[in-house]
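Data block for upload.txt (compact mmCIF, C-alpha atoms and all ligand atoms):
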# COMPACT_ATOMS: atom_id res chain seq x y z
CA MET T 1354 -12.07 21.31 9.71
CA ASP T 1355 -9.00 23.38 8.94
CA SER T 1356 -7.80 23.29 5.38
CA LEU T 1357 -5.67 20.30 4.43
CA GLU T 1358 -2.74 22.65 3.86
CA THR T 1359 -3.07 23.98 7.44
CA ILE T 1360 -3.25 20.48 8.91
CA LEU T 1361 -0.28 19.25 6.91
CA SER T 1362 1.80 22.29 7.92
CA LEU T 1363 1.55 21.46 11.62
CA THR T 1364 4.92 20.82 13.25
CA ASP T 1365 4.50 21.52 16.98
CA ALA T 1366 4.20 18.47 19.23
CA ASP T 1367 0.91 19.50 20.89
CA GLY T 1368 -0.74 20.34 17.58
CA LEU T 1369 0.31 17.00 16.11
CA LYS T 1370 -0.87 15.07 19.16
CA SER T 1371 -4.28 16.67 18.95
CA LEU T 1372 -4.48 16.00 15.19
CA TYR T 1373 -3.71 12.30 15.67
CA ARG T 1374 -6.22 12.12 18.53
CA GLN T 1375 -9.00 13.61 16.38
CA ALA T 1376 -8.25 11.30 13.47
CA TYR T 1377 -8.15 8.25 15.75
CA ALA T 1378 -11.51 9.28 17.25
CA GLU T 1379 -12.91 9.33 13.71
CA LYS T 1380 -11.51 5.86 13.07
CA LEU T 1381 -13.10 4.58 16.31
CA ARG T 1382 -16.41 6.21 15.41
CA TYR T 1383 -16.71 4.60 11.97
CA ILE T 1384 -14.61 1.46 12.24
CA GLY T 1385 -14.24 0.73 15.95
CA PRO T 1386 -11.15 -0.54 17.80
CA HIS T 1387 -10.45 -3.05 15.06
CA VAL T 1388 -7.68 -3.60 12.56
CA SER T 1389 -7.99 -5.60 9.33
CA VAL T 1390 -5.07 -7.72 8.20
CA ARG T 1391 -3.80 -8.89 4.85
CA GLY T 1392 -1.00 -11.42 4.52
CA LEU T 1393 1.58 -9.84 2.22
CA ILE T 1394 3.18 -12.16 -0.34
CA GLU T 1395 6.16 -10.56 -2.10
CA SER T 1396 5.94 -12.82 -5.13
CA GLY T 1397 8.96 -11.54 -7.04
CA ASN T 1398 11.39 -8.65 -7.36
CA VAL T 1399 11.96 -8.70 -11.12
CA CYS T 1400 10.98 -5.20 -12.23
CA ALA T 1401 10.80 -3.43 -15.57
CA LYS T 1402 10.62 -0.04 -13.90
CA ASP T 1403 13.48 2.20 -12.88
CA CYS T 1404 12.00 4.62 -10.34
CA TYR T 1405 14.89 6.71 -8.99
CA TYR T 1406 13.92 6.13 -5.33
CA CYS T 1407 13.40 2.36 -5.33
CA GLY T 1408 15.83 -0.31 -4.16
CA ILE T 1409 14.60 -3.01 -6.58
CA ARG T 1410 14.61 -0.78 -9.69
CA LYS T 1411 15.80 -2.65 -12.74
CA SER T 1412 19.15 -0.82 -12.88
CA ASN T 1413 20.24 -1.92 -9.42
CA PRO T 1414 22.70 -4.74 -10.19
CA LYS T 1415 23.14 -5.61 -6.51
CA VAL T 1416 19.69 -7.15 -6.20
CA ARG T 1417 19.44 -10.94 -6.35
CA ARG T 1418 16.34 -11.38 -8.49
CA TYR T 1419 13.72 -14.01 -7.67
CA GLN T 1420 10.28 -15.08 -8.79
CA LEU T 1421 8.19 -17.38 -6.62
CA SER T 1422 6.56 -20.32 -8.33
CA GLU T 1423 2.84 -20.77 -8.60
CA ASP T 1424 3.04 -23.50 -5.94
CA ASP T 1425 5.00 -21.24 -3.58
CA ILE T 1426 2.48 -18.41 -3.86
CA VAL T 1427 -0.43 -20.77 -3.19
CA ARG T 1428 1.43 -22.31 -0.24
CA LEU T 1429 2.01 -18.86 1.29
CA ALA T 1430 -1.66 -17.97 0.82
CA GLU T 1431 -2.60 -21.21 2.59
CA ALA T 1432 -0.24 -20.27 5.42
CA ALA T 1433 -1.86 -16.82 5.63
CA LYS T 1434 -5.26 -18.47 5.85
CA SER T 1435 -4.05 -20.77 8.62
CA PHE T 1436 -3.06 -17.67 10.62
CA GLY T 1437 -6.63 -16.37 10.31
CA TYR T 1438 -5.79 -13.75 7.68
CA ALA T 1439 -8.85 -13.74 5.41
CA SER T 1440 -7.18 -11.58 2.76
CA VAL T 1441 -3.85 -11.69 1.00
CA VAL T 1442 -1.94 -9.19 -1.12
CA ILE T 1443 0.24 -10.49 -3.95
CA GLN T 1444 2.83 -7.83 -4.71
CA SER T 1445 5.80 -7.83 -7.07
CA GLY T 1446 7.94 -5.67 -9.29
CA GLU T 1447 6.21 -4.52 -12.45
CA ILE T 1448 6.31 -7.11 -15.25
CA GLU T 1449 4.17 -6.96 -18.37
CA SER T 1450 4.50 -10.38 -19.96
CA GLU T 1451 2.09 -13.02 -21.13
CA SER T 1452 3.77 -15.80 -19.16
CA HIS T 1453 3.58 -13.80 -15.91
CA THR T 1454 -0.04 -12.85 -16.63
CA GLN T 1455 -0.93 -16.50 -17.16
CA MET T 1456 0.91 -17.62 -14.04
CA ILE T 1457 -1.10 -15.11 -11.97
CA VAL T 1458 -4.33 -16.34 -13.60
CA ARG T 1459 -3.49 -19.91 -12.55
CA VAL T 1460 -2.65 -18.79 -9.01
CA LEU T 1461 -5.93 -16.87 -8.73
CA LYS T 1462 -7.94 -19.86 -9.91
CA ARG T 1463 -6.29 -22.08 -7.30
CA LEU T 1464 -6.82 -19.48 -4.57
CA ALA T 1465 -10.58 -19.49 -5.25
CA ALA T 1466 -10.79 -22.75 -3.27
CA LEU T 1467 -9.37 -20.95 -0.20
CA ASP T 1468 -12.11 -18.32 -0.12
CA LEU T 1469 -9.72 -15.44 0.56
CA GLY T 1470 -9.97 -11.78 -0.38
CA VAL T 1471 -7.24 -11.36 -3.00
CA THR T 1472 -5.57 -8.03 -3.67
CA LEU T 1473 -3.06 -7.68 -6.47
CA SER T 1474 -0.30 -5.08 -6.51
CA LEU T 1475 1.47 -5.92 -9.76
CA GLY T 1476 1.82 -2.51 -11.35
CA GLU T 1477 0.64 -0.99 -14.60
CA GLN T 1478 -0.94 -3.43 -17.04
CA GLU T 1479 -3.11 -3.37 -20.13
CA ALA T 1480 -6.88 -3.34 -19.50
CA ASP T 1481 -7.19 -6.85 -20.86
CA VAL T 1482 -4.73 -8.19 -18.28
CA TYR T 1483 -6.62 -6.52 -15.43
CA LYS T 1484 -9.81 -8.03 -16.87
CA ARG T 1485 -8.38 -11.56 -17.00
CA TRP T 1486 -7.14 -11.29 -13.41
CA ARG T 1487 -10.50 -9.94 -12.26
CA GLU T 1488 -12.32 -12.81 -13.97
CA ALA T 1489 -9.90 -15.28 -12.38
CA GLY T 1490 -10.87 -14.04 -8.91
CA ALA T 1491 -8.88 -10.95 -7.87
CA THR T 1492 -11.16 -8.43 -6.15
CA ARG T 1493 -8.84 -5.58 -5.18
CA TYR T 1494 -5.90 -3.79 -6.80
CA LEU T 1495 -3.31 -1.46 -5.32
CA LEU T 1496 -1.41 0.95 -7.55
CA ARG T 1497 0.15 4.00 -5.98
CA ILE T 1498 0.38 7.19 -8.02
CA GLU T 1499 3.45 8.00 -5.89
CA THR T 1500 2.74 11.77 -5.98
CA ALA T 1501 -0.23 13.85 -7.09
CA ASN T 1502 2.08 16.29 -8.85
CA GLU T 1503 2.73 15.14 -12.40
CA LYS T 1504 5.79 17.43 -12.76
CA LEU T 1505 7.33 16.03 -9.58
CA TYR T 1506 6.55 12.50 -10.83
CA SER T 1507 8.57 13.23 -13.96
CA ARG T 1508 11.57 14.29 -11.83
CA LEU T 1509 11.42 11.05 -9.82
CA HIS T 1510 11.22 8.73 -12.83
CA PRO T 1511 12.84 8.19 -16.23
CA ALA T 1512 11.07 9.84 -19.17
CA ASP T 1513 9.23 6.68 -20.26
CA HIS T 1514 7.38 6.35 -16.92
CA SER T 1515 4.00 8.00 -17.18
CA TRP T 1516 1.91 9.45 -14.33
CA ARG T 1517 -1.05 9.67 -16.70
CA ARG T 1518 -0.87 5.98 -17.51
CA ARG T 1519 -1.02 5.19 -13.79
CA VAL T 1520 -4.12 7.34 -13.38
CA GLU T 1521 -5.68 5.68 -16.44
CA CYS T 1522 -4.90 2.27 -14.93
CA LEU T 1523 -6.74 3.23 -11.74
CA ARG T 1524 -9.78 4.29 -13.77
CA THR T 1525 -9.70 1.06 -15.78
CA LEU T 1526 -9.53 -0.96 -12.57
CA ARG T 1527 -12.56 0.87 -11.22
CA LYS T 1528 -14.51 0.18 -14.42
CA LEU T 1529 -13.64 -3.50 -14.10
CA ASP T 1530 -15.24 -3.49 -10.68
CA TYR T 1531 -12.11 -3.89 -8.60
CA GLN T 1532 -11.91 -2.27 -5.20
CA VAL T 1533 -9.20 0.25 -5.97
CA GLY T 1534 -6.34 1.38 -3.78
CA THR T 1535 -3.75 4.03 -4.40
CA GLY T 1536 -1.36 6.22 -2.46
CA VAL T 1537 1.68 8.45 -2.45
CA MET T 1538 4.99 8.71 -0.69
CA CYS T 1539 5.60 11.69 1.58
CA ALA T 1540 8.76 13.64 2.41
CA LEU T 1541 10.00 13.24 -1.15
CA PRO T 1542 12.59 15.77 -2.29
CA GLY T 1543 10.83 18.66 -4.04
CA GLU T 1544 7.41 17.80 -2.64
CA THR T 1545 5.30 20.60 -1.16
CA VAL T 1546 2.48 20.64 1.38
CA ARG T 1547 0.22 21.58 -1.51
CA ASP T 1548 1.24 18.39 -3.37
CA LEU T 1549 0.30 16.28 -0.35
CA ALA T 1550 -3.02 18.08 0.09
CA ASP T 1551 -3.64 17.54 -3.64
CA ALA T 1552 -3.01 13.83 -3.11
CA ILE T 1553 -5.81 13.65 -0.54
CA ARG T 1554 -8.10 15.59 -2.91
CA PHE T 1555 -7.12 13.11 -5.64
CA PHE T 1556 -8.14 10.17 -3.39
CA ARG T 1557 -11.47 11.91 -2.74
CA ASP T 1558 -12.16 12.84 -6.36
CA GLU T 1559 -11.29 9.36 -7.68
CA ASP T 1560 -13.39 7.89 -4.85
CA VAL T 1561 -10.86 5.18 -4.00
CA ASP T 1562 -11.57 2.41 -1.49
CA MET T 1563 -8.11 1.89 -0.06
CA ILE T 1564 -5.11 4.07 0.58
CA GLY T 1565 -1.53 3.06 1.28
CA MET T 1566 0.94 5.84 2.01
CA GLY T 1567 4.29 5.92 3.61
CA PRO T 1568 7.24 8.21 4.07
CA TYR T 1569 9.92 8.05 1.42
CA ILE T 1570 13.00 6.40 2.96
CA PRO T 1571 16.27 6.71 1.06
CA HIS T 1572 17.85 3.52 -0.28
CA PRO T 1573 21.68 3.46 -0.54
CA ASP T 1574 21.64 2.06 -4.10
CA ALA T 1575 18.91 4.30 -5.50
CA PRO T 1576 20.09 7.45 -7.28
CA LEU T 1577 17.46 9.98 -6.20
CA ASP T 1578 19.03 13.41 -5.72
CA GLY T 1579 18.24 16.15 -3.25
CA VAL T 1580 17.16 13.89 -0.40
CA LEU T 1581 15.87 16.04 2.45
CA PRO T 1582 18.01 15.97 5.61
CA LEU T 1583 15.18 14.74 7.82
CA THR T 1584 15.47 12.64 10.97
CA ARG T 1585 13.62 9.33 11.18
CA ALA T 1586 11.14 10.95 13.56
CA GLU T 1587 10.48 13.76 11.10
CA ARG T 1588 9.91 11.33 8.23
CA LEU T 1589 7.58 9.31 10.42
CA ALA T 1590 5.64 12.47 11.35
CA TRP T 1591 4.99 13.16 7.65
CA GLY T 1592 3.53 9.68 7.26
CA LEU T 1593 1.35 10.05 10.36
CA LYS T 1594 0.13 13.51 9.37
CA MET T 1595 -0.93 12.21 5.96
CA ILE T 1596 -2.80 9.29 7.54
CA ALA T 1597 -4.57 11.61 9.98
CA ALA T 1598 -5.50 14.22 7.37
CA THR T 1599 -6.78 11.46 5.06
CA ARG T 1600 -8.90 9.85 7.80
CA LEU T 1601 -10.44 13.24 8.65
CA THR T 1602 -11.29 13.84 4.98
CA LEU T 1603 -12.38 10.30 4.05
CA PRO T 1604 -13.60 8.60 7.23
CA LYS T 1605 -14.82 5.42 5.52
CA VAL T 1606 -11.85 4.36 3.43
CA ASN T 1607 -9.36 1.67 4.38
CA ILE T 1608 -6.00 3.18 5.24
CA ALA T 1609 -2.94 0.98 5.67
CA ALA T 1610 -0.31 1.55 8.32
CA ALA T 1611 2.50 0.95 5.84
CA THR T 1612 5.55 -1.11 6.70
CA ALA T 1613 7.68 1.96 5.95
CA LEU T 1614 6.34 3.41 9.24
CA GLN T 1615 7.78 0.43 11.10
CA ALA T 1616 11.12 0.97 9.38
CA LEU T 1617 11.28 4.41 11.02
CA ALA T 1618 10.17 3.42 14.53
CA ASP T 1619 9.70 0.07 16.18
CA ASP T 1620 6.10 0.91 16.95
CA GLY T 1621 5.56 2.87 13.73
CA ARG T 1622 2.57 0.79 12.61
CA GLU T 1623 0.85 1.19 15.97
CA GLN T 1624 1.47 4.93 15.71
CA GLY T 1625 -0.15 4.74 12.26
CA ILE T 1626 -3.24 3.06 13.74
CA LEU T 1627 -3.40 5.70 16.48
CA ALA T 1628 -3.32 8.37 13.76
CA GLY T 1629 -6.31 6.83 11.95
CA ALA T 1630 -5.11 3.83 9.88
CA ASN T 1631 -7.08 0.55 10.10
CA VAL T 1632 -5.18 -2.00 7.99
CA ILE T 1633 -1.91 -3.83 8.60
CA MET T 1634 -0.16 -6.09 6.11
CA PRO T 1635 2.04 -8.58 7.95
CA ASN T 1636 4.60 -10.19 5.67
CA VAL T 1637 4.09 -13.91 5.02
CA THR T 1638 6.91 -14.25 2.47
CA ASP T 1639 9.55 -16.86 3.36
CA VAL T 1640 12.42 -15.30 5.29
CA GLU T 1641 14.93 -16.43 2.63
CA TYR T 1642 13.50 -13.88 0.15
CA ARG T 1643 12.69 -10.95 2.40
CA ALA T 1644 16.08 -9.26 2.12
CA ASP T 1645 15.79 -9.35 -1.69
CA TYR T 1646 12.64 -7.22 -1.59
CA GLN T 1647 14.00 -4.04 -0.06
CA LEU T 1648 12.47 -0.94 -1.58
CA TYR T 1649 14.05 1.26 1.10
CA ALA T 1650 16.74 0.97 3.75
CA GLY T 1651 15.88 -0.57 7.11
CA LYS T 1652 13.03 -2.89 6.10
CA PRO T 1653 11.77 -4.48 9.33
CA CYS T 1654 11.15 -8.16 10.16
CA LEU T 1655 13.80 -9.48 7.76
CA ASN T 1656 14.42 -12.48 9.98
CA GLU T 1657 11.02 -13.06 11.57
CA ASN T 1658 8.93 -15.80 10.03
CA ALA T 1659 5.19 -15.35 9.51
CA GLY T 1660 4.30 -17.04 12.80
CA LEU T 1661 6.50 -14.68 14.79
CA CYS T 1662 5.05 -11.69 12.91
CA ARG T 1663 1.56 -12.80 13.83
CA SER T 1664 2.15 -13.15 17.57
CA CYS T 1665 4.15 -9.93 17.62
CA LEU T 1666 1.27 -8.12 15.93
CA ASP T 1667 -1.30 -9.49 18.38
CA ARG T 1668 0.75 -8.32 21.32
CA ARG T 1669 1.45 -4.90 19.86
CA LEU T 1670 -2.16 -4.18 18.95
CA ALA T 1671 -3.49 -5.41 22.29
CA ALA T 1672 -1.10 -2.93 23.92
CA ILE T 1673 -2.96 -0.04 22.25
CA GLY T 1674 -6.43 -1.48 22.88
CA GLU T 1675 -6.99 -2.63 19.29
CA LYS T 1676 -8.02 -6.04 18.05
CA ILE T 1677 -7.29 -7.83 14.78
CA LEU T 1678 -10.36 -8.91 12.84
CA TYR T 1679 -9.30 -12.51 12.17
CA GLY T 1680 -11.38 -14.39 9.61
CA GLU T 1681 -12.82 -11.21 8.09
CA ARG T 1682 -11.89 -9.87 4.68
CA GLY T 1683 -12.12 -6.27 5.81
CA ASP T 1684 -13.59 -4.52 2.77
CA SER T 1685 -13.77 -0.75 3.17
CA LEU T 1686 -16.96 0.89 4.42
CA ARG T 1687 -16.71 3.21 1.45
CA TYR T 1688 -16.91 0.19 -0.85
CA PHE T 1689 -20.11 -1.09 0.81
CA GLU T 1690 -21.59 2.38 0.65
CA ARG T 1691 -20.88 2.62 -3.08
CA CYS T 1692 -22.40 -0.83 -3.72
CA LYS T 1693 -25.56 0.25 -1.87
CA ASN T 1694 -25.81 3.45 -3.90
CA ALA T 1695 -25.38 1.46 -7.13
CA GLN T 1696 -28.34 -0.78 -6.23
CA ARG T 1697 -30.68 2.16 -5.73
N1 LIG A 1701 10.77 4.62 0.31
C1 LIG A 1701 9.47 4.43 0.59
N2 LIG A 1701 8.60 3.82 -0.23
C2 LIG A 1701 9.09 3.34 -1.39
N3 LIG A 1701 8.49 2.71 -2.42
C3 LIG A 1701 9.42 2.44 -3.35
N4 LIG A 1701 10.62 2.91 -2.97
C4 LIG A 1701 10.44 3.49 -1.76
C5 LIG A 1701 11.31 4.17 -0.84
N5 LIG A 1701 12.60 4.34 -1.10
C6 LIG A 1701 7.05 2.45 -2.46
C7 LIG A 1701 6.39 3.04 -3.72
C8 LIG A 1701 5.80 1.83 -4.41
C9 LIG A 1701 5.61 0.87 -3.27
C10 LIG A 1701 5.52 -0.56 -3.67
O1 LIG A 1701 6.77 1.08 -2.48
O2 LIG A 1701 5.36 3.92 -3.31
O3 LIG A 1701 4.58 2.11 -5.06
FE1 LIG A 1702 9.14 1.67 -9.35
FE2 LIG A 1702 10.24 -0.11 -7.52
S1 LIG A 1702 10.97 0.40 -9.56
S2 LIG A 1702 8.60 1.35 -7.21
Take the structure in this file and express it as structure tokens.
Amino acid sequence: MDSLETILSLTDADGLKSLYRQAYAEKLRYIGPHVSVRGLIESGNVCAKDCYYCGIRKSNPKVRRYQLSEDDIVRLAEAAKSFGYASVVIQSGEIESESHTQMIVRVLKRLAALDLGVTLSLGEQEADVYKRWREAGATRYLLRIETANEKLYSRLHPADHSWRRRVECLRTLRKLDYQVGTGVMCALPGETVRDLADAIRFFRDEDVDMIGMGPYIPHPDAPLDGVLPLTRAERLAWGLKMIAATRLTLPKVNIAAATALQALADDGREQGILAGANVIMPNVTDVEYRADYQLYAGKPCLNENAGLCRSCLDRRLAAIGEKILYGERGDSLRYFERCKNAQR
């Protein structure tokens, strides 16, 4: 295989097509023509963080803040289950508070009766909080490092946001026996091809199970400077290249076709699958809250309810010869491999 830097520097249409084809062949070889789904529950947009690129950062006064109740979250998980989604992701802004921690514990205990795979994406927390959530039934955790370059991270965040703490959180999660997911954004201002290649090496070295990456998409109320003058197609190509290069390096991990891809092209998620991704996270949040959870401009499916999203997804995946694995949790092959090695 060419070096990651060479792959990620490709720009010509034929070269890119052949890259995506190779990565998709690798996905077919290890995973088959199947896509795993997780119902995405955006449980709240209250956030203590102030990332310069994000639409729901705490300093954006235009956001109408919401927090779903315990009952609402359980109801949405039940709805996800009724659609045949055997896993859910509970995602929110980052809050470190005892009352929120306890509310999530209660939700997790109630979800145990539904026999779902439960992924949390609730940001940086103390080890004890991760431990309590793990004991209450969460099995997977997603926490993006945003970029593998610590210096670039410090330019994208206020001084009290720490890249090292995020990395430490990932290591804590692994020790607590979570399946761990991370990821970065691509096409960030100031980011180099080397940074993106380093991100893939970071995923490999940390031996993560799941990866979620997407192109950075400017948000009108976020203050990030120096935004690159890229077209939507160019931003999308960065996301697809990263998926393909990651699949070629780590054939057995779960890679999500992030919603940000769909914000850049109607069929962006399908393009993600055809570049090597194998997971899609259809939104099951009630339509009334979707517009309040906009990390970037142009979030898709703001007005489609979960039922519409499901039939749309079926149709779209069938069109590319892929099938959704309904009723299956869809743990990563890398995770099973690691469990086997641990038993030896
Ligand atoms: N464009 C793309 N992705 C974004 N995120 C936040 N803001 C943006 C943006 N403007 C991503 C971050 C975060 C995840 C929840 O959403 O990577 O970890
Ligand atoms: Fe950090 Fe939203 S404030 S990603």
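The binding environment of ligand LIG 1702 (chain A), defined as every protein, DNA or RNA residue with an atom no more than 7 Å away and counting only C-alpha atoms and all ligand atoms, comprises T:Cys1400, T:Lys1402, T:Asp1403, T:Cys1404, T:Cys1407, T:Gly1408, T:Ile1409, T:Arg1410, T:Lys1411, T:Gly1446, T:Leu1648.
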Q: Quote the spacing between atom CA of T:Asp1424 and atom CA of T:Ala1465 in Å to one decimal place.
A: 14.2 Å
Selection near T:Asp1619, 12 Å with all atoms listed in the file, sequence-local residues under 2 positions removed, as a PDB file with C-alpha atoms, in the coordinates of the input:
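Everything below was put into selection-v1.pdb:
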ATOM      1  CA  ARG T1585      13.620   9.330  11.180  1.00  0.00           C
ATOM      2  CA  ALA T1586      11.140  10.950  13.560  1.00  0.00           C
ATOM      3  CA  LEU T1589       7.580   9.310  10.420  1.00  0.00           C
ATOM      4  CA  THR T1612       5.550  -1.110   6.700  1.00  0.00           C
ATOM      5  CA  ALA T1613       7.680   1.960   5.950  1.00  0.00           C
ATOM      6  CA  LEU T1614       6.340   3.410   9.240  1.00  0.00           C
ATOM      7  CA  GLN T1615       7.780   0.430  11.100  1.00  0.00           C
ATOM      8  CA  ALA T1616      11.120   0.970   9.380  1.00  0.00           C
ATOM      9  CA  LEU T1617      11.280   4.410  11.020  1.00  0.00           C
ATOM     10  CA  GLY T1621       5.560   2.870  13.730  1.00  0.00           C
ATOM     11  CA  ARG T1622       2.570   0.790  12.610  1.00  0.00           C
ATOM     12  CA  GLU T1623       0.850   1.190  15.970  1.00  0.00           C
ATOM     13  CA  GLN T1624       1.470   4.930  15.710  1.00  0.00           C
ATOM     14  CA  GLY T1625      -0.150   4.740  12.260  1.00  0.00           C
ATOM     15  CA  GLY T1651      15.880  -0.570   7.110  1.00  0.00           C
ATOM     16  CA  LYS T1652      13.030  -2.890   6.100  1.00  0.00           C
ATOM     17  CA  PRO T1653      11.770  -4.480   9.330  1.00  0.00           C
ATOM     18  CA  CYS T1654      11.150  -8.160  10.160  1.00  0.00           C
ATOM     19  CA  CYS T1665       4.150  -9.930  17.620  1.00  0.00           C
ATOM     20  CA  LEU T1666       1.270  -8.120  15.930  1.00  0.00           C
ATOM     21  CA  ARG T1669       1.450  -4.900  19.860  1.00  0.00           C
TER      22      ARG T1669
END
Give one line per residue of chain T that approaches ligand LIG 1701 (chain A) to at most 7 Å, naming the two atoms of the closest pair and their distance in Å to one decimal, counting all atoms listed in the file; sort by chain then ascending residue number and deliver it as a Markdown table.
| residue | atom | partner | partner_atom | distance |
| --- | --- | --- | --- | --- |
| T:Tyr1406 | CA | A:LIG1701 | N5 | 4.8 |
| T:Cys1407 | CA | A:LIG1701 | N4 | 3.7 |
| T:Gly1408 | CA | A:LIG1701 | N4 | 6.2 |
| T:Leu1496 | CA | A:LIG1701 | O3 | 6.6 |
| T:Arg1497 | CA | A:LIG1701 | O3 | 4.9 |
| T:Glu1499 | CA | A:LIG1701 | O2 | 5.2 |
| T:Val1537 | CA | A:LIG1701 | O2 | 5.9 |
| T:Met1538 | CA | A:LIG1701 | O2 | 5.5 |
| T:Gly1567 | CA | A:LIG1701 | N2 | 6.1 |
| T:Pro1568 | CA | A:LIG1701 | C1 | 5.6 |
| T:Tyr1569 | CA | A:LIG1701 | N1 | 3.7 |
| T:Ile1570 | CA | A:LIG1701 | N1 | 3.9 |
| T:Pro1571 | CA | A:LIG1701 | N5 | 4.9 |
| T:His1572 | CA | A:LIG1701 | N5 | 5.4 |
| T:Ala1613 | CA | A:LIG1701 | C1 | 6.2 |
| T:Leu1648 | CA | A:LIG1701 | N4 | 4.5 |
| T:Tyr1649 | CA | A:LIG1701 | N5 | 4.1 |
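Nearest to T:Leu1549 of all the residues T:Ser1515, T:Asn1694, T:Ser1362, T:Ser1664 is T:Ser1362, based on only C-alpha atoms.
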Q: One decimal, Å: what's the distance from atom CA of T:Glu1449 over to atom CA of T:Glu1479, could you say?
A: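 Computing the Euclidean distance for atom CA of T:Glu1449 and atom CA of T:Glu1479 yields 8.3 Å.
The protein and nucleic acid residues lying at most 9 Å from T:Ala1552 are Ile1498, Thr1500, Ala1501, Asn1502, Gly1536, Val1537, Arg1547 and Arg1557 of chain T, with all atoms listed in the file considered and sequence neighbours fewer than 5 positions away removed.
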(Q) as a count of residues only, please: the residues near stretch 1521-1525 of chain T (cut-off 7 Å, all atoms listed in the file, same-chain neighbours under 6 positions excluded). (A) 3
Q: Tell me which of T:Arg1459, T:Ala1550, T:Val1637, T:Ser1396 sits closest to T:Ala1597, counting only C-alpha atoms.
A: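 Looking only at the distances to T:Ala1597, the closest residue turns out to be T:Ala1550.
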Listed atoms of stretch 1637-1642 of chain T boxed axis-aligned with 3 Å per side, centre + edges as lines of an AutoDock Vina configuration file:
center_x = 9.5
center_y = -15.4
center_z = 2.7
size_x = 16.8
size_y = 9.0
size_z = 11.1
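Distance annotation: of T:Ala1590, T:Ala1609, T:Val1399, T:Ala1695, the residue with the minimal separation from T:Thr1364 is T:Ala1590; atom set is only C-alpha atoms.
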(Q) Calculated over only C-alpha atoms, which of the candidates T:Cys1692, T:Leu1467, T:Ala1644, T:Met1566 has the smallest distance to T:Trp1591? (A)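 Looking only at the distances to T:Trp1591, the closest residue turns out to be T:Met1566.
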Q: Using all atoms listed in the file, pick whichever of T:Ile1360, T:Val1632, T:Ala1512, T:Leu1581 has the shortest atom-to-atom distance to T:Ile1564.
A: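 Comparing T:Ile1360, T:Val1632, T:Ala1512, T:Leu1581 against T:Ile1564, the winner is T:Val1632.
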Q: May I have the protein, DNA and RNA residues with an atom at most 9 Å from (-9.3, -5.9, -0.6), counting only C-alpha atoms in the file's coordinates, returned as a list in words?
A: Arg1391, Ser1440, Val1441, Val1442, Gly1470, Val1471, Thr1472, Leu1473, Ala1491, Thr1492, Arg1493, Tyr1494, Leu1495, Tyr1531, Gln1532, Val1533, Gly1534, Asp1562, Met1563, Arg1682, Gly1683, Asp1684 and Ser1685 of chain T
Dump as an mmCIF file, keeping the file's coordinate frame, selection limited to C-alpha atoms:
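Heads up, here's the output in again10.cif:
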data_model
loop_
_atom_site.group_PDB
_atom_site.id
_atom_site.type_symbol
_atom_site.label_atom_id
_atom_site.label_comp_id
_atom_site.auth_asym_id
_atom_site.auth_seq_id
_atom_site.Cartn_x
_atom_site.Cartn_y
_atom_site.Cartn_z
ATOM 1 C CA ARG T 1391 -3.800 -8.890 4.850
ATOM 2 C CA SER T 1440 -7.180 -11.580 2.760
ATOM 3 C CA VAL T 1441 -3.850 -11.690 1.000
ATOM 4 C CA VAL T 1442 -1.940 -9.190 -1.120
ATOM 5 C CA GLY T 1470 -9.970 -11.780 -0.380
ATOM 6 C CA VAL T 1471 -7.240 -11.360 -3.000
ATOM 7 C CA THR T 1472 -5.570 -8.030 -3.670
ATOM 8 C CA LEU T 1473 -3.060 -7.680 -6.470
ATOM 9 C CA ALA T 1491 -8.880 -10.950 -7.870
ATOM 10 C CA THR T 1492 -11.160 -8.430 -6.150
ATOM 11 C CA ARG T 1493 -8.840 -5.580 -5.180
ATOM 12 C CA TYR T 1494 -5.900 -3.790 -6.800
ATOM 13 C CA LEU T 1495 -3.310 -1.460 -5.320
ATOM 14 C CA TYR T 1531 -12.110 -3.890 -8.600
ATOM 15 C CA GLN T 1532 -11.910 -2.270 -5.200
ATOM 16 C CA VAL T 1533 -9.200 0.250 -5.970
ATOM 17 C CA GLY T 1534 -6.340 1.380 -3.780
ATOM 18 C CA ASP T 1562 -11.570 2.410 -1.490
ATOM 19 C CA MET T 1563 -8.110 1.890 -0.060
ATOM 20 C CA ARG T 1682 -11.890 -9.870 4.680
ATOM 21 C CA GLY T 1683 -12.120 -6.270 5.810
ATOM 22 C CA ASP T 1684 -13.590 -4.520 2.770
ATOM 23 C CA SER T 1685 -13.770 -0.750 3.170
#
Q: Just give me the gap between atom CA of T:Ile1448 and atom CA of T:Pro1511 in Å, one decimal is fine.
A: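 It comes out at 16.7 Å.
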